[in-house]
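Comments concern the structure below.
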Amino acid sequence: MAKATEKYFLSPQGFHSLLARLKEQNYNVIGPRIVEGEFVYAPLASAADLPVGWTDRQEGGVYRLEKRGDDAFFGYGVGQHSWKQFLFPPNQRVWKSRRRGDAWDLAIIPADSPPFAFIGVRACDIQAIEVLDRVFLRGNYVDPTYAARRSQALVVAVNCTQPGGTCFCASMGTGPRATFGFDLALTEVLDNGSHYFVAETGTPRGAELLAGVAHRLAEQAEITAADRAMDKAASSMGRQLDTDGLKELLYRNYEHPRWDDVASRCLTCGNCTMVCPTCFCHTYQDFFDLNGESAERRRHMQVCFTLDFSYIHGGSVRSSPLSRYRQWLTHKLATWLDQFGCFGCVGCGRCITWCPVAIDITEEAAAIRERDGEKRGSGG
Amino acid sequence: MASNSRQFAVGAEPMLPRVFRVEKRVKETADTFTLTMMPLAGDEDFAFAPGQFNMLTAFGVGEVPISISGDPAAPLPLVHTIRAVGAVTKALCGLRKGGQIGVRGPFGTSWPVSRAEGNDVIIVAGGLGLAPLRPAIYHVMNNRTAYGNVEVIYGARTPYDMLYQQELMIWRGRFDLRVRVTVDSATPEWRSNVGVVTNIIPRARFDPYHTTALVCGPGVMMRYVVQEFLKRGVKEENIFISMERAMKCGIGFCGHCQLGPHFICKDGPVYSYALIKDWFEKREV
């Protein structure tokens, strides 16, 4: 069986077989696909469903799919989806109850789903899953839905060799190489007409999976080519974020004039929270059926940019757009550290790409750093 | 930090309420009711610490956080005082004897009644703020010899807005408890103080160096009351306040109750002023 410290050579054909094996083992195989012109994470019937030969061009407020001119399986960055929608369904029933006279019977009806196999998880998104683990698994309470889905999910990481224009995982220390949290990690190499993967295993389950398909020990030249591709990725990130003393910087700048500036641009649409792979805020809603005989509680994702989010009797706590953007950014880059011991930001760049007015979290943080200590209304 | 007596009454399914049955419903004011309730048979295990809250479900309507108002030494029947201001609280207040309520909890931190032993205890409540403080008053009175001078200072908008009026009368008759009440606007028959609770604090008798202050009420009221205690020399770490935020889950998952790095539902709602002051004083955080 494959050893964790070794690197292996896997051919494109071997990769096809790998996905076929997962299907045989009854995994719900999820990976990148282009569906109706949108780059999404969706069930894959086979490796042929991957966006082979496609890439993306990303900038603030810009996402374009383009042809690459080769047959790369994973020649693109991350899109609007992340893995959180599978681990923490955006809309789900929590419980159902039925009335018997004055009495209510409560029941949780677990939605049975086959275990997921996530294909093509980038290093930034592995860190995002780690962040969600801290929220839903490692506190005083465990979320049963998240726990069930997470414990079964198989992670096939694909190291990033093509960062997008809004990426900054190298700054956040989360990528481009996956260093933990995977069953199997692949690096795709396209080099002088050859096309292959360099594979490493992270768990016995990953080793078993690899053992089921044709592979061999990788040669040094192949490993070097893979490392080179990742080094190139690390040095071609479109964005960077200086994390040195970032929490303290933001804690002492709650009244910085930059908040007014960004609030004048922010539409408070919440796109950033919806594409963010770590934003976990959600709400609960109860429903009656029409005859009043049964009730159920559902939970669904909610964005902190709405007035409703902080509403208590008497009004919303965060009534101004300024306070709501400030809440989001300081949560990601400051308060999260106190809450969960890590940043809430993994450097994936989604919030920059998908912001309709191209607000850039790295630029906002840098602007505050540049004029550290300035106060609103004092010549700002 | 407040005495941290989190309890884990909920098991593998923290989101599934237990069903309780309403035993009694008492009208406190025009829009505020006290519900007394018991769990369904065979499910009679419940304990809480003063200051903790439950998430209460009106079936088919929704769920809200409500402080527990009963005696922690006799946690059942469960007692909640609820003001009907929104859809859920209106549905809860509309329940009669035999009606069913979903209960999750108890959640959150509690008033530091053990740490306060040996100290003078000054309890300051504004309006509905007496509801989460009543369990602390019960505890202190149950263990009266463990404390120094004990005073309850209670302010409401009008005499009609005062909770637990009969109980206040009984407490006023005790020799080991001083109760001072005040209203913002009086009625002709009102014979006590008029004005805000902060006016009363200078009259309270306590040794500032050995005093624990427990404060609950509207944000602006707590802000001024804290300042009065600080003025009289009570240390920040001995002044405790109970915070309010939107809460949907009670267990730190839903994100609504954040105040800077704090999740009020699990790190609070009861905080020492020393711990929360930086965030308490910031606007719109």
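The way I read the labels, and the way they are meant: chains A, B, ... in the order of the structure tokens, residue 1 as the first residue of every chain, and ligand 1 as the first ligand shown, with later ones counted on from there.
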Give me, as a PDB file with all heavy atoms, in the first residue's frame, the residues of chain B touching chain A, with the criterion being at most 6 Å (counting only C-alpha atoms).
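Result written to selection_18.pdb:
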```
ATOM      1  N   GLY B  60     -44.546  26.334  15.424  1.00  0.00           N
ATOM      2  CA  GLY B  60     -45.006  26.881  14.159  1.00  0.00           C
ATOM      3  C   GLY B  60     -44.748  28.364  14.013  1.00  0.00           C
ATOM      4  O   GLY B  60     -44.967  28.928  12.954  1.00  0.00           O
ATOM      5  N   VAL B  61     -44.301  29.027  15.078  1.00  0.00           N
ATOM      6  CA  VAL B  61     -44.082  30.474  15.016  1.00  0.00           C
ATOM      7  C   VAL B  61     -42.591  30.796  15.048  1.00  0.00           C
ATOM      8  O   VAL B  61     -42.066  31.480  14.181  1.00  0.00           O
ATOM      9  CB  VAL B  61     -44.821  31.210  16.152  1.00  0.00           C
ATOM     10  CG1 VAL B  61     -44.709  32.720  15.966  1.00  0.00           C
ATOM     11  CG2 VAL B  61     -46.277  30.787  16.217  1.00  0.00           C
ATOM     12  N   GLY B  62     -41.887  30.258  16.043  1.00  0.00           N
ATOM     13  CA  GLY B  62     -40.457  30.522  16.111  1.00  0.00           C
ATOM     14  C   GLY B  62     -39.914  30.359  17.508  1.00  0.00           C
ATOM     15  O   GLY B  62     -40.608  29.890  18.421  1.00  0.00           O
ATOM     16  N   ALA B 246     -29.492  39.804  19.311  1.00  0.00           N
ATOM     17  CA  ALA B 246     -30.285  38.826  18.561  1.00  0.00           C
ATOM     18  C   ALA B 246     -29.636  37.457  18.737  1.00  0.00           C
ATOM     19  O   ALA B 246     -28.420  37.336  18.672  1.00  0.00           O
ATOM     20  CB  ALA B 246     -30.317  39.205  17.097  1.00  0.00           C
ATOM     21  N   CYS B 254     -24.920  30.392  15.108  1.00  0.00           N
ATOM     22  CA  CYS B 254     -25.648  31.156  14.089  1.00  0.00           C
ATOM     23  C   CYS B 254     -25.026  32.521  13.829  1.00  0.00           C
ATOM     24  O   CYS B 254     -25.292  33.125  12.798  1.00  0.00           O
ATOM     25  CB  CYS B 254     -27.121  31.311  14.469  1.00  0.00           C
ATOM     26  SG  CYS B 254     -27.420  32.570  15.722  1.00  0.00           S
ATOM     27  N   GLY B 255     -24.192  33.018  14.739  1.00  0.00           N
ATOM     28  CA  GLY B 255     -23.447  34.247  14.485  1.00  0.00           C
ATOM     29  C   GLY B 255     -24.156  35.548  14.815  1.00  0.00           C
ATOM     30  O   GLY B 255     -23.537  36.600  14.783  1.00  0.00           O
ATOM     31  N   GLY B 260     -18.102  42.156  18.892  1.00  0.00           N
ATOM     32  CA  GLY B 260     -16.664  41.980  18.733  1.00  0.00           C
ATOM     33  C   GLY B 260     -16.357  40.497  18.785  1.00  0.00           C
ATOM     34  O   GLY B 260     -17.045  39.699  18.146  1.00  0.00           O
ATOM     35  N   PRO B 261     -15.375  40.094  19.579  1.00  0.00           N
ATOM     36  CA  PRO B 261     -15.018  38.674  19.621  1.00  0.00           C
ATOM     37  C   PRO B 261     -15.974  37.816  20.449  1.00  0.00           C
ATOM     38  O   PRO B 261     -15.847  36.602  20.452  1.00  0.00           O
ATOM     39  CB  PRO B 261     -13.627  38.693  20.272  1.00  0.00           C
ATOM     40  CG  PRO B 261     -13.592  39.940  21.070  1.00  0.00           C
ATOM     41  CD  PRO B 261     -14.447  40.933  20.346  1.00  0.00           C
ATOM     42  N   GLU B 284     -22.526  50.432  17.521  1.00  0.00           N
ATOM     43  CA  GLU B 284     -22.861  49.648  16.325  1.00  0.00           C
ATOM     44  C   GLU B 284     -21.889  48.503  16.048  1.00  0.00           C
ATOM     45  O   GLU B 284     -21.603  48.186  14.892  1.00  0.00           O
ATOM     46  CB  GLU B 284     -22.915  50.560  15.090  1.00  0.00           C
ATOM     47  CG  GLU B 284     -24.178  51.398  14.983  1.00  0.00           C
ATOM     48  CD  GLU B 284     -24.384  51.888  13.554  1.00  0.00           C
ATOM     49  OE1 GLU B 284     -23.570  52.693  13.091  1.00  0.00           O
ATOM     50  OE2 GLU B 284     -25.344  51.436  12.935  1.00  0.00           O
TER      51      GLU B 284
END
```
Pick out the residues sitting within 9 Å of Thr29 (chain B), and hand them over as number ranges by chain; count only C-alpha atoms, and ignore anything fewer than 2 positions along from it in its own chain. B: 27, 31-33, 83, 160-163
Which residue is closest to Val270 (chain B)? Choose from B:Phe59, B:Phe107, B:Phe206, B:Phe240 and count only C-alpha atoms.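 Closest residue, counting only C-alpha atoms: B:Phe240.
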Within 7 Å of region 36-43 of chain A, counting only C-alpha atoms, which residues show up once you throw out same-chain ones fewer than 6 positions away? Write them as a list in words, please. Asn28, Val29, Ile30, Gly79, Gln80 and His81 of chain A
For N, CA and C atoms, I'd like the residues from the last selection saved as a tab-separated table (two decimals), in the first residue's frame.
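Ended up saving to result.tsv:
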```tsv
chain	number	residue	atom	x	y	z
A	28	ASN	N	-20.82	9.95	-3.28
A	28	ASN	CA	-21.41	11.03	-4.05
A	28	ASN	C	-20.24	11.93	-4.48
A	29	VAL	N	-19.77	11.72	-5.70
A	29	VAL	CA	-18.56	12.39	-6.15
A	29	VAL	C	-18.90	13.81	-6.61
A	30	ILE	N	-18.29	14.79	-5.94
A	30	ILE	CA	-18.56	16.19	-6.23
A	30	ILE	C	-17.27	16.85	-6.71
A	79	GLY	N	-14.15	29.01	-7.92
A	79	GLY	CA	-15.28	29.76	-8.46
A	79	GLY	C	-16.22	30.24	-7.37
A	80	GLN	N	-17.46	30.46	-7.76
A	80	GLN	CA	-18.43	31.04	-6.82
A	80	GLN	C	-18.83	30.04	-5.72
A	81	HIS	N	-18.73	28.74	-6.02
A	81	HIS	CA	-19.11	27.75	-5.01
A	81	HIS	C	-17.94	27.43	-4.08
```
Just list as a PyMOL selection string whatever in region 87-316 of chain A DSSP marks as alpha helix (DSSP H). chain A and resi 87+123-136+144-152+169-172+204-211+220-234+246-251+258-265+271-275
Pick from B:Gly118, B:Gly105, B:Pro159, B:Gly126, whichever lies nearest to Ile241 (chain B) using only C-alpha atoms: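 Result for the nearest residue to Ile241 (chain B): B:Gly126.
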Between CA of Asp56 (chain A) and CA of Ile361 (chain A), what is the distance, to one decimal in Å?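 Going from CA of Asp56 (chain A) over to CA of Ile361 (chain A), I get 20.5 Å.
Atom pair CA of Val213 (chain A) / CA of Asp71 (chain A): separated by 21.2 Å.
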